[in-house]
>>> print(open('my_file.txt').read())   # compact mmCIF, C-alpha atoms
# COMPACT_ATOMS: atom_id res chain seq x y z
CA MET A 1 11.81 81.57 -7.59
CA LYS A 2 11.38 79.58 -4.44
CA GLN A 3 8.04 78.26 -5.74
CA PHE A 4 9.73 77.20 -8.96
CA HIS A 5 12.38 75.30 -7.06
CA LEU A 6 9.68 73.66 -4.95
CA ARG A 7 7.74 72.59 -8.04
CA GLN A 8 10.91 71.30 -9.64
CA ARG A 9 11.79 69.37 -6.55
CA CYS A 10 8.29 67.86 -6.32
CA ALA A 11 8.37 66.89 -9.98
CA ALA A 12 11.81 65.39 -9.58
CA LEU A 13 10.69 63.44 -6.51
CA CYS A 14 7.59 62.15 -8.31
CA PHE A 15 9.69 61.12 -11.29
CA ALA A 16 12.19 59.41 -9.04
CA PHE A 17 9.38 57.60 -7.22
CA VAL A 18 7.78 56.38 -10.43
CA VAL A 19 11.07 55.31 -11.96
CA GLY A 20 12.55 53.95 -8.75
CA THR A 21 9.59 51.79 -7.70
CA PRO A 22 10.02 48.26 -9.03
CA ALA A 23 7.32 47.28 -11.46
CA VAL A 24 4.89 44.55 -10.23
CA ALA A 25 4.39 43.10 -13.66
CA ALA A 26 3.27 39.55 -14.26
CA ALA A 27 6.00 37.16 -15.27
CA THR A 28 6.60 33.46 -15.45
CA ALA A 29 8.69 31.57 -12.93
CA GLU A 30 10.69 28.89 -14.68
CA GLY A 31 12.91 26.41 -12.97
CA THR A 32 14.24 22.92 -12.65
CA VAL A 33 14.12 20.32 -9.92
CA THR A 34 17.00 17.85 -9.80
CA PHE A 35 16.75 14.71 -7.68
CA THR A 36 19.81 13.03 -6.24
CA LYS A 37 17.79 10.28 -4.53
CA THR A 38 14.77 8.28 -5.67
CA PRO A 39 12.57 10.82 -7.47
CA PRO A 40 8.89 11.14 -6.61
CA LEU A 41 6.24 10.38 -9.20
CA ALA A 42 4.96 13.95 -9.15
CA LEU A 43 5.53 17.34 -7.58
CA VAL A 44 3.73 20.64 -7.35
CA VAL A 45 5.10 24.20 -7.47
CA TRP A 46 2.85 27.07 -6.41
CA ASP A 47 2.77 30.75 -5.55
CA THR A 48 2.04 31.05 -1.84
CA THR A 49 1.10 34.75 -2.12
CA ASP A 50 -1.93 34.00 -4.27
CA ALA A 51 -5.29 33.08 -2.77
CA SER A 52 -7.57 33.44 -5.75
CA GLN A 53 -8.74 29.86 -5.95
CA SER A 54 -11.94 29.04 -4.11
CA ALA A 55 -13.97 25.90 -3.71
CA GLY A 56 -16.11 25.27 -6.75
CA VAL A 57 -17.11 22.22 -8.70
CA PRO A 58 -16.02 18.95 -7.04
CA ILE A 59 -13.10 17.25 -8.68
CA VAL A 60 -13.56 13.62 -9.65
CA ILE A 61 -10.85 11.00 -9.23
CA THR A 62 -11.57 7.54 -10.54
CA GLN A 63 -10.21 4.17 -9.45
CA LYS A 64 -9.60 2.01 -12.50
CA ASN A 65 -7.14 -0.75 -13.36
CA ARG A 66 -5.73 -0.49 -9.86
CA VAL A 67 -4.69 3.16 -10.17
CA PHE A 68 -6.22 6.48 -9.18
CA SER A 69 -6.78 8.67 -12.22
CA GLN A 70 -4.53 11.39 -10.78
CA LEU A 71 -1.33 10.94 -8.85
CA LEU A 72 -1.43 14.42 -7.40
CA ALA A 73 -4.51 16.61 -7.55
CA VAL A 74 -4.83 20.22 -6.44
CA VAL A 75 -8.09 21.16 -4.74
CA PRO A 76 -8.98 24.44 -3.03
CA PRO A 77 -9.56 24.34 0.73
CA GLN A 78 -13.13 23.26 1.51
CA GLY A 79 -13.41 21.91 -2.03
CA THR A 80 -14.81 18.41 -2.56
CA VAL A 81 -13.15 15.36 -4.03
CA GLU A 82 -15.28 12.54 -5.39
CA PHE A 83 -13.69 9.11 -5.60
CA VAL A 84 -15.47 6.91 -8.12
CA ASN A 85 -14.82 3.19 -8.32
CA ASP A 86 -14.80 2.87 -12.09
CA ASP A 87 -13.40 -0.65 -11.95
CA ASP A 88 -14.96 -4.10 -12.11
CA GLN A 89 -13.57 -4.99 -8.69
CA GLN A 90 -13.86 -3.76 -5.13
CA HIS A 91 -11.67 -0.90 -3.94
CA ASN A 92 -11.24 1.11 -0.81
CA VAL A 93 -10.41 4.72 0.01
CA PHE A 94 -8.61 5.52 3.22
CA VAL A 95 -6.34 8.08 4.87
CA SER A 96 -4.03 7.57 7.80
CA ASP A 97 -2.26 10.88 8.25
CA GLN A 98 -0.87 11.51 11.71
CA LYS A 99 0.68 14.84 10.75
CA ASN A 100 -2.64 16.34 9.67
CA LYS A 101 -4.55 14.31 12.29
CA LEU A 102 -6.77 12.79 9.64
CA GLU A 103 -8.01 9.21 9.83
CA LEU A 104 -10.57 8.17 7.24
CA ASP A 105 -11.76 4.85 5.91
CA PHE A 106 -14.67 4.52 3.55
CA GLY A 107 -14.70 0.72 3.73
CA LEU A 108 -15.22 -1.50 0.73
CA ALA A 109 -16.32 0.39 -2.37
CA GLN A 110 -18.23 -1.71 -4.86
CA PRO A 111 -17.90 -1.04 -8.61
CA ALA A 112 -19.60 2.26 -9.57
CA GLU A 113 -19.75 3.39 -5.95
CA THR A 114 -18.71 6.97 -5.15
CA VAL A 115 -17.39 8.44 -1.93
CA LYS A 116 -16.89 12.14 -1.23
CA GLN A 117 -14.44 13.99 0.94
CA VAL A 118 -14.21 17.69 1.75
CA VAL A 119 -10.69 19.10 1.77
CA SER A 120 -10.52 20.11 5.42
CA TRP A 121 -6.75 20.39 5.68
CA PRO A 122 -5.02 23.77 5.30
CA SER A 123 -3.70 25.26 2.09
CA GLY A 124 -0.17 24.16 1.30
CA THR A 125 -0.53 20.67 2.76
CA ALA A 126 -1.16 17.39 1.01
CA VAL A 127 -2.89 14.26 2.24
CA LYS A 128 -2.31 10.78 0.86
CA PHE A 129 -5.35 8.69 -0.05
CA GLY A 130 -4.87 4.99 -0.63
CA CYS A 131 -6.66 1.71 -1.20
CA LYS A 132 -6.22 -0.94 1.48
CA ILE A 133 -6.78 -3.73 -1.01
CA HIS A 134 -4.16 -2.44 -3.43
CA PRO A 135 -1.37 -0.76 -1.46
CA GLN A 136 0.28 0.78 -4.52
CA MET A 137 -2.91 2.63 -5.42
CA GLN A 138 -2.28 6.11 -4.06
CA THR A 139 -3.22 9.69 -4.80
CA TRP A 140 -2.17 12.89 -3.09
CA ILE A 141 -4.70 15.66 -2.61
CA MET A 142 -2.96 19.00 -2.24
CA SER A 143 -5.00 21.75 -0.66
CA LEU A 144 -4.13 25.04 -2.38
CA SER A 145 -5.84 28.42 -2.25
CA SER A 146 -3.46 29.56 -4.98
CA ALA A 147 -4.55 29.42 -8.59
CA ARG A 148 -0.95 29.83 -9.69
CA TYR A 149 0.55 26.38 -9.63
CA GLN A 150 1.87 23.59 -11.78
CA VAL A 151 1.72 19.86 -11.15
CA VAL A 152 4.69 18.11 -12.75
CA LEU A 153 4.76 14.37 -13.36
CA VAL A 154 8.19 12.72 -13.09
CA PRO A 155 8.59 9.93 -15.65
CA ASP A 156 10.53 6.77 -14.89
CA ASN A 157 14.33 7.03 -15.12
CA VAL A 158 14.21 10.83 -15.05
CA THR A 159 16.06 12.76 -12.36
CA GLN A 160 15.46 16.32 -13.56
CA VAL A 161 12.20 18.04 -14.46
CA SER A 162 11.28 21.58 -15.42
CA PHE A 163 8.37 23.68 -14.22
CA SER A 164 6.76 26.89 -15.30
CA VAL A 165 4.33 28.89 -13.17
CA PRO A 166 2.73 31.78 -15.05
CA ASN A 167 1.34 35.09 -13.75
CA VAL A 168 3.74 35.41 -10.85
CA THR A 169 5.36 38.68 -9.82
CA SER A 170 8.64 39.67 -8.26
CA GLU A 171 6.78 39.68 -4.95
CA SER A 172 5.59 36.12 -5.36
CA LYS A 173 6.92 33.43 -3.07
CA LEU A 174 7.07 30.00 -4.61
CA GLN A 175 7.16 26.66 -2.87
CA VAL A 176 7.72 23.15 -4.15
CA TRP A 177 6.41 19.95 -2.59
CA SER A 178 6.51 16.30 -3.55
CA PRO A 179 5.49 13.07 -1.79
CA ARG A 180 9.20 12.42 -1.30
CA GLY A 181 10.14 15.77 0.21
CA GLU A 182 9.06 18.52 2.55
CA ALA A 183 7.72 21.80 1.14
CA VAL A 184 10.56 24.28 0.59
CA ASN A 185 10.69 27.91 -0.47
CA ILE A 186 12.12 28.53 -3.92
CA SER A 187 14.50 31.40 -4.58
CA LEU A 188 13.44 33.33 -7.67
CA GLY A 189 16.93 34.78 -8.03
CA GLY A 190 18.40 31.63 -9.52
CA ALA A 191 20.06 30.34 -6.33
CA ALA A 192 19.84 26.59 -5.78
CA VAL A 193 17.77 25.47 -2.79
CA ASP A 194 18.19 22.04 -1.23
CA LEU A 195 15.30 19.60 -1.10
CA THR A 196 15.09 17.24 1.84
CA PHE A 197 13.24 14.02 2.55
CA LYS A 198 13.19 12.63 6.06
CA ASP A 199 15.79 15.27 7.02
CA LYS A 200 18.23 14.10 4.36
CA PRO A 201 19.13 15.99 1.17
CA CYS A 202 17.42 14.52 -1.88
CA GLY A 203 17.87 17.15 -4.55
CA GLN A 204 17.88 20.83 -5.50
CA VAL A 205 15.53 23.35 -7.05
CA THR A 206 16.45 26.48 -8.99
CA ALA A 207 14.11 29.07 -10.48
CA ALA A 208 14.12 32.52 -12.05
CA LEU A 209 11.55 34.99 -13.37
CA LYS A 210 11.28 35.17 -17.12
CA MET B 1 17.33 -102.33 -2.91
CA ASN B 2 16.29 -99.14 -3.93
CA GLU B 3 16.66 -96.39 -1.44
CA PRO B 4 13.51 -94.54 -0.83
CA LEU B 5 13.34 -91.46 -2.81
CA GLN B 6 14.22 -88.39 -0.80
CA PRO B 7 12.20 -85.35 -1.50
CA VAL B 8 14.31 -83.01 -3.50
CA GLU B 9 14.14 -79.39 -2.43
CA ALA B 10 12.82 -77.49 -5.29
CA ALA B 11 15.26 -74.91 -6.55
CA THR B 12 13.91 -71.39 -5.94
CA PRO B 13 13.61 -69.58 -9.20
CA PRO B 14 15.73 -66.35 -9.36
CA VAL B 15 12.70 -64.14 -10.12
CA ALA B 16 10.98 -65.05 -6.86
CA LYS B 17 14.16 -64.25 -4.91
CA SER B 18 14.39 -60.73 -6.32
CA LYS B 19 10.70 -60.16 -5.50
CA LYS B 20 11.38 -61.06 -1.91
CA ARG B 21 14.27 -58.64 -1.74
CA TRP B 22 12.11 -55.89 -3.14
CA LEU B 23 9.42 -56.55 -0.60
CA VAL B 24 11.97 -56.34 2.20
CA VAL B 25 13.38 -53.07 0.85
CA VAL B 26 9.92 -51.53 0.42
CA GLY B 27 8.95 -52.66 3.90
CA VAL B 28 12.04 -51.17 5.53
CA VAL B 29 11.71 -47.86 3.65
CA GLY B 30 8.03 -47.63 4.50
CA PHE B 31 8.76 -48.31 8.15
CA ILE B 32 11.44 -45.60 8.27
CA ALA B 33 9.11 -43.11 6.54
CA LEU B 34 6.31 -43.92 8.96
CA VAL B 35 8.53 -43.50 12.00
CA SER B 36 10.05 -40.23 10.78
CA SER B 37 6.66 -38.73 9.92
CA CYS B 38 5.30 -39.65 13.32
CA ARG B 39 8.32 -38.08 14.95
CA SER B 40 7.87 -34.86 12.98
CA CYS B 41 4.18 -34.76 13.94
CA GLY B 42 4.87 -35.03 17.57
CA ALA B 43 8.22 -33.31 17.98
CA LYS B 44 7.71 -30.05 16.09
CA PRO B 45 4.93 -27.96 17.62
CA ASP B 46 4.17 -24.90 15.52
CA PRO B 47 2.13 -22.60 17.75
CA PHE B 48 0.28 -19.64 16.31
CA VAL B 49 1.96 -16.30 16.86
CA THR B 50 0.07 -13.03 17.21
CA LEU B 51 1.59 -10.48 14.86
CA HIS B 52 0.11 -7.22 16.04
CA ALA B 53 -2.20 -5.46 18.48
CA PRO B 54 -5.88 -5.33 17.48
CA TYR B 55 -6.89 -2.60 15.07
CA ARG B 56 -10.17 -1.75 13.42
CA SER B 57 -10.56 -2.93 9.87
CA THR B 58 -13.43 -1.61 7.81
CA THR B 59 -12.67 -4.25 5.20
CA HIS B 60 -12.99 -7.04 7.82
CA TRP B 61 -16.55 -6.44 8.97
CA ASN B 62 -15.55 -3.26 10.77
CA LEU B 63 -14.22 -5.34 13.65
CA ASN B 64 -10.90 -5.20 15.47
CA ILE B 65 -8.63 -7.76 13.94
CA VAL B 66 -5.61 -9.68 15.17
CA THR B 67 -3.53 -11.69 12.71
CA GLN B 68 -2.04 -15.00 13.82
CA VAL B 69 0.25 -17.27 11.82
CA PRO B 70 2.16 -20.44 12.75
CA GLN B 71 5.59 -19.63 14.12
CA SER B 72 7.30 -21.29 11.16
CA LEU B 73 5.55 -18.89 8.78
CA VAL B 74 6.33 -15.67 10.65
CA PRO B 75 9.51 -14.90 8.65
CA LEU B 76 7.70 -15.43 5.34
CA TYR B 77 4.72 -13.34 6.40
CA GLU B 78 6.90 -10.52 7.71
CA GLU B 79 9.08 -10.54 4.60
CA ASN B 80 6.00 -10.08 2.44
CA ALA B 81 4.60 -7.49 4.83
CA LEU B 82 7.83 -5.52 4.64
CA MET B 83 7.70 -5.62 0.84
CA VAL B 84 4.15 -4.26 0.99
CA GLN B 85 5.33 -1.45 3.25
CA GLN B 86 8.25 -0.59 0.95
CA ALA B 87 6.06 -0.72 -2.14
CA THR B 88 3.65 1.67 -0.46
CA GLU B 89 6.47 4.13 0.13
CA ASP B 90 7.97 3.82 -3.35
CA LEU B 91 5.34 3.30 -6.01
CA ARG B 92 7.96 2.50 -8.63
CA LEU B 93 8.89 -0.73 -6.85
CA LYS B 94 7.52 -3.90 -8.39
CA PRO B 95 7.93 -6.39 -5.57
CA THR B 96 7.86 -10.13 -6.10
CA TYR B 97 6.01 -11.57 -3.14
CA LYS B 98 6.64 -15.07 -1.89
CA SER B 99 3.89 -17.63 -1.86
CA TYR B 100 2.95 -19.88 1.04
CA PRO B 101 3.44 -23.65 1.16
CA ILE B 102 0.46 -25.93 0.76
CA GLY B 103 -0.98 -26.54 4.21
CA ALA B 104 -0.20 -23.04 5.50
CA VAL B 105 -2.86 -21.65 7.84
CA ILE B 106 -3.41 -17.92 8.36
CA ARG B 107 -5.83 -16.90 11.05
CA LYS B 108 -7.58 -13.67 11.94
CA GLU B 109 -9.46 -13.08 15.15
CA ASN B 110 -12.31 -10.63 14.67
CA ARG B 111 -13.00 -8.89 17.97
CA ASP B 112 -15.62 -6.40 19.11
CA ASP B 113 -14.74 -3.20 20.95
CA SER B 114 -14.73 -4.99 24.30
CA GLY B 115 -12.04 -7.35 22.99
CA LYS B 116 -14.35 -10.36 22.79
CA VAL B 117 -13.72 -12.64 19.82
CA VAL B 118 -16.85 -12.51 17.64
CA PHE B 119 -15.61 -15.05 15.12
CA ILE B 120 -12.42 -16.38 13.62
CA SER B 121 -11.43 -16.31 9.95
CA GLU B 122 -8.97 -18.86 8.64
CA MET B 123 -7.34 -19.40 5.28
CA ILE B 124 -5.77 -22.77 4.54
CA LYS B 125 -3.55 -23.14 1.48
CA LYS B 126 -4.53 -26.04 -0.79
CA LYS B 127 -3.86 -26.97 -4.39
CA PRO B 128 -5.68 -24.78 -6.94
CA GLN B 129 -9.19 -26.14 -7.33
CA SER B 130 -9.86 -25.20 -10.93
CA ILE B 131 -8.22 -23.50 -13.88
CA GLY B 132 -11.00 -20.91 -13.96
CA ASN B 133 -10.36 -19.83 -10.40
CA PRO B 134 -6.69 -19.92 -9.42
CA ASP B 135 -7.37 -19.07 -5.75
CA PRO B 136 -5.97 -22.09 -3.87
CA TRP B 137 -7.11 -21.05 -0.40
CA PHE B 138 -9.80 -22.79 1.63
CA TYR B 139 -11.71 -20.16 3.59
CA ARG B 140 -13.24 -20.92 6.99
CA GLN B 141 -15.36 -18.81 9.28
CA LEU B 142 -15.33 -20.26 12.79
CA ASN B 143 -17.09 -19.59 16.05
CA PRO B 144 -14.89 -18.55 18.98
CA ASP B 145 -14.82 -22.21 20.10
CA PHE B 146 -13.51 -23.14 16.62
CA SER B 147 -16.74 -24.82 15.55
CA PRO B 148 -17.36 -24.09 11.87
CA GLN B 149 -19.81 -21.44 10.66
CA LYS B 150 -19.07 -21.46 6.97
CA GLU B 151 -16.29 -22.81 4.80
CA GLY B 152 -15.39 -23.36 1.19
CA TYR B 153 -13.33 -22.31 -1.79
CA ALA B 154 -13.45 -19.10 -3.80
CA GLY B 155 -15.80 -20.74 -6.28
CA ASP B 156 -18.48 -21.31 -3.64
CA PRO B 157 -20.99 -18.45 -3.87
CA GLY B 158 -21.19 -17.87 -0.11
CA ILE B 159 -17.43 -17.78 0.27
CA ALA B 160 -16.99 -15.60 -2.83
CA THR B 161 -19.05 -12.78 -1.35
CA LEU B 162 -17.89 -13.31 2.23
CA CYS B 163 -14.13 -13.57 1.63
CA ALA B 164 -12.72 -14.48 -1.74
CA THR B 165 -13.83 -11.53 -3.89
CA CYS B 166 -11.95 -9.11 -1.70
CA HIS B 167 -8.92 -11.38 -1.25
CA ALA B 168 -8.69 -11.76 -5.03
CA GLY B 169 -7.48 -8.15 -5.01
CA ALA B 170 -4.33 -9.41 -3.29
CA ILE B 171 -3.58 -12.10 -5.87
CA ASP B 172 -0.05 -10.75 -6.26
CA ARG B 173 0.54 -11.37 -2.52
CA ASP B 174 -0.82 -14.93 -2.54
CA TYR B 175 -4.27 -13.57 -1.62
CA LEU B 176 -3.12 -12.16 1.72
CA PHE B 177 -3.05 -8.44 2.49
CA HIS B 178 -0.07 -8.64 4.88
CA THR B 179 -1.08 -6.00 7.34
CA TYR B 180 2.16 -5.19 9.01
CA ARG B 181 2.33 -3.95 12.56
CA ALA B 182 5.57 -3.44 14.34
CA SER B 183 4.41 -4.79 17.70
CA ALA B 184 6.52 -7.62 19.03
CA PRO B 185 5.04 -11.05 18.36
CA SER B 186 3.87 -13.04 21.32
CA THR B 187 3.37 -16.78 21.33
CA GLN B 188 -0.18 -17.91 21.86
CA THR B 189 -1.63 -21.36 22.10
CA PRO B 190 -4.22 -22.12 19.44
>>> encode(input="my_file.txt", output="structure tokens")
Amino acid sequence: MKQFHLRQRCAALCFAFVVGTPAVAAATAEGTVTFTKTPPLALVVWDTTDASQSAGVPIVITQKNRVFSQLLAVVPPQGTVEFVNDDDQQHNVFVSDQKNKLELDFGLAQPAETVKQVVSWPSGTAVKFGCKIHPQMQTWIMSLSSARYQVVLVPDNVTQVSFSVPNVTSESKLQVWSPRGEAVNISLGGAAVDLTFKDKPCGQVTAALK
Amino acid sequence: MNEPLQPVEAATPPVAKSKKRWLVVVGVVGFIALVSSCRSCGAKPDPFVTLHAPYRSTTHWNLNIVTQVPQSLVPLYEENALMVQQATEDLRLKPTYKSYPIGAVIRKENRDDSGKVVFISEMIKKKPQSIGNPDPWFYRQLNPDFSPQKEGYAGDPGIATLCATCHAGAIDRDYLFHTYRASAPSTQTP
């Protein structure tokens, strides 16, 4: 009789454990970012708990018609970025980033010339690359070890954009970053989180698992 | 008895009188213009002002450069430089830069690491030289004692490779890059 009770109790406990433990099933985090100040041209949302992306094939960013081919590119730490001058005029590639203690200047790049840079800055941080000849030529290289991310471009005259990051779980921790804002944690419970730029509020982000 | 004939003063024709008046007017105006231009030459010194501390520029022969402009052009230069800075921070901005008056001189000292001036680069604004090449600047490379090394317009092959090809990238800023540094200007004799 006692043994029966013990077995019953064990079975009940096991059942309770299986039922009570939250499922770690893959889902999609969907959300919106609303800007109350000048919106950035692009932003990136990523799962900070993932580290499945490793350095592989170099990514190529071209300089043509006075723009970099990507406004915001995600590269794994220790990955390589190749900047190709695909224009018919001289360009330059430089970095002056006091926060990440990175000062680079590749000098004058002639047409068809390529320069390479290893992403030496830590995951979750972005570095701005520019052209000294054309100050509005800029690209941000975001170092991310996460393979779960989405880069969102913000069109002109738009103050709200949506994002969708697949394969996240309830244990995932999402962050959002843009060139006009510090990286902030996103609540996956639907609560709005303030975005700030230079210590001033510049918008809000909301997200939920779907 | 006939009185001797007195010479009769010939009547001055009216056309000759008006010519005389015109000559007087032109003379007076010319004199005033000459005096005022001489005064402006002598009375308005426009010393060059150093805009920032030296910094290394890989696009300027990897030397440490110091930008100098005449005092009268400092506000214009700094206004453009500020627009460059703002445009760099907000890529959606489409700034309209101001152009420099004909005769404007922009100077860059190119110094080595010890601070010694290796050579001086100057740009002097002129009228556009040809329709094919709109660059109106006259480029000069000078020795530290201001003796000329090389000079010419963008169309001159030597100047094209030395200066003008790169400066053409700044056509929207009147061919000047407007490197802005916040250091306080200090007056310097040329």
>>> closest_residue(input="my_file.txt", among="B:Gln71, B:Leu91, B:Thr59, B:Val49", to="Val67 of chain A", atoms="all atoms listed in the file")
B:Leu91
>>> residues_around(input="my_file.txt", residues="segment 94-96 of chain B", least_positions_apart="6", cutoff="8 Å", atoms="all atoms listed in the file", output="list in words")
Met83, Val84, Ala87 and Asp172 of chain B
>>> interface_residues(input="my_file.txt", of="chain B", to="chain A", cutoff="9 Å", atoms="all atoms listed in the file", output="VMD selection string")
chain B and resid 57 to 60 62 84 to 85 87 to 92 165 to 167 169 to 170 177
>>> write_last_selection(input="my_file.txt", atoms="C-alpha atoms", output="compact mmCIF listing (two decimals), in the coordinates of the input")
# COMPACT_ATOMS: atom_id res chain seq x y z
CA SER B 57 -10.56 -2.93 9.87
CA THR B 58 -13.43 -1.61 7.81
CA THR B 59 -12.67 -4.25 5.20
CA HIS B 60 -12.99 -7.04 7.82
CA ASN B 62 -15.55 -3.26 10.77
CA VAL B 84 4.15 -4.26 0.99
CA GLN B 85 5.33 -1.45 3.25
CA ALA B 87 6.06 -0.72 -2.14
CA THR B 88 3.65 1.67 -0.46
CA GLU B 89 6.47 4.13 0.13
CA ASP B 90 7.97 3.82 -3.35
CA LEU B 91 5.34 3.30 -6.01
CA ARG B 92 7.96 2.50 -8.63
CA THR B 165 -13.83 -11.53 -3.89
CA CYS B 166 -11.95 -9.11 -1.70
CA HIS B 167 -8.92 -11.38 -1.25
CA GLY B 169 -7.48 -8.15 -5.01
CA ALA B 170 -4.33 -9.41 -3.29
CA PHE B 177 -3.05 -8.44 2.49
>>> residues_near_point(input="my_file.txt", point="(5.2, -21.9, -0.7)", cutoff="12 Å", atoms="all atoms listed in the file", output="NGL selection string")
:B and (73 or 76-77 or 97-105 or 125-127 or 136 or 173-174)
>>> closest_residue(input="my_file.txt", among="B:His52, B:Pro70, B:Asn133, B:Asp112", to="Ile171 of chain B", atoms="only C-alpha atoms")
B:Asn133
>>> residues_around(input="my_file.txt", residues="Ile120 of chain B", least_positions_apart="5", cutoff="8 Å", atoms="all atoms listed in the file", output="list in words")
Arg107, Lys108, Glu109, Asn110, Gln141, Leu142, Asn143, Pro144 and Phe146 of chain B
>>> atom_distance(input="my_file.txt", atom1="atom CA of Ala183 of chain A", atom2="atom CA of Gln70 of chain A")
20.0 Å
>>> atom_distance(input="my_file.txt", atom1="atom CA of Val154 of chain A", atom2="atom CA of Leu43 of chain A")
7.7 Å
>>> atom_distance(input="my_file.txt", atom1="atom CA of Lys37 of chain A", atom2="atom CA of Leu174 of chain A")
22.4 Å
>>> residues_around(input="my_file.txt", residues="Lys128 of chain A", least_positions_apart="3", cutoff="8 Å", atoms="all atoms listed in the file", output="list in words")
Val95, Ser96, Asp97, Gln138, Thr139, Trp140 and Ile141 of chain A
>>> closest_residue(input="my_file.txt", among="A:Gly79, A:Gly190, A:Gly31, A:Pro201", to="Val118 of chain A", atoms="all atoms listed in the file")
A:Gly79
>>> residues_around(input="my_file.txt", residues="Met123 of chain B", least_positions_apart="6", cutoff="7 Å", atoms="all atoms listed in the file", output="list in words")
Val105, Ile106, Arg107, Trp137, Phe138, Tyr139 and Arg140 of chain B
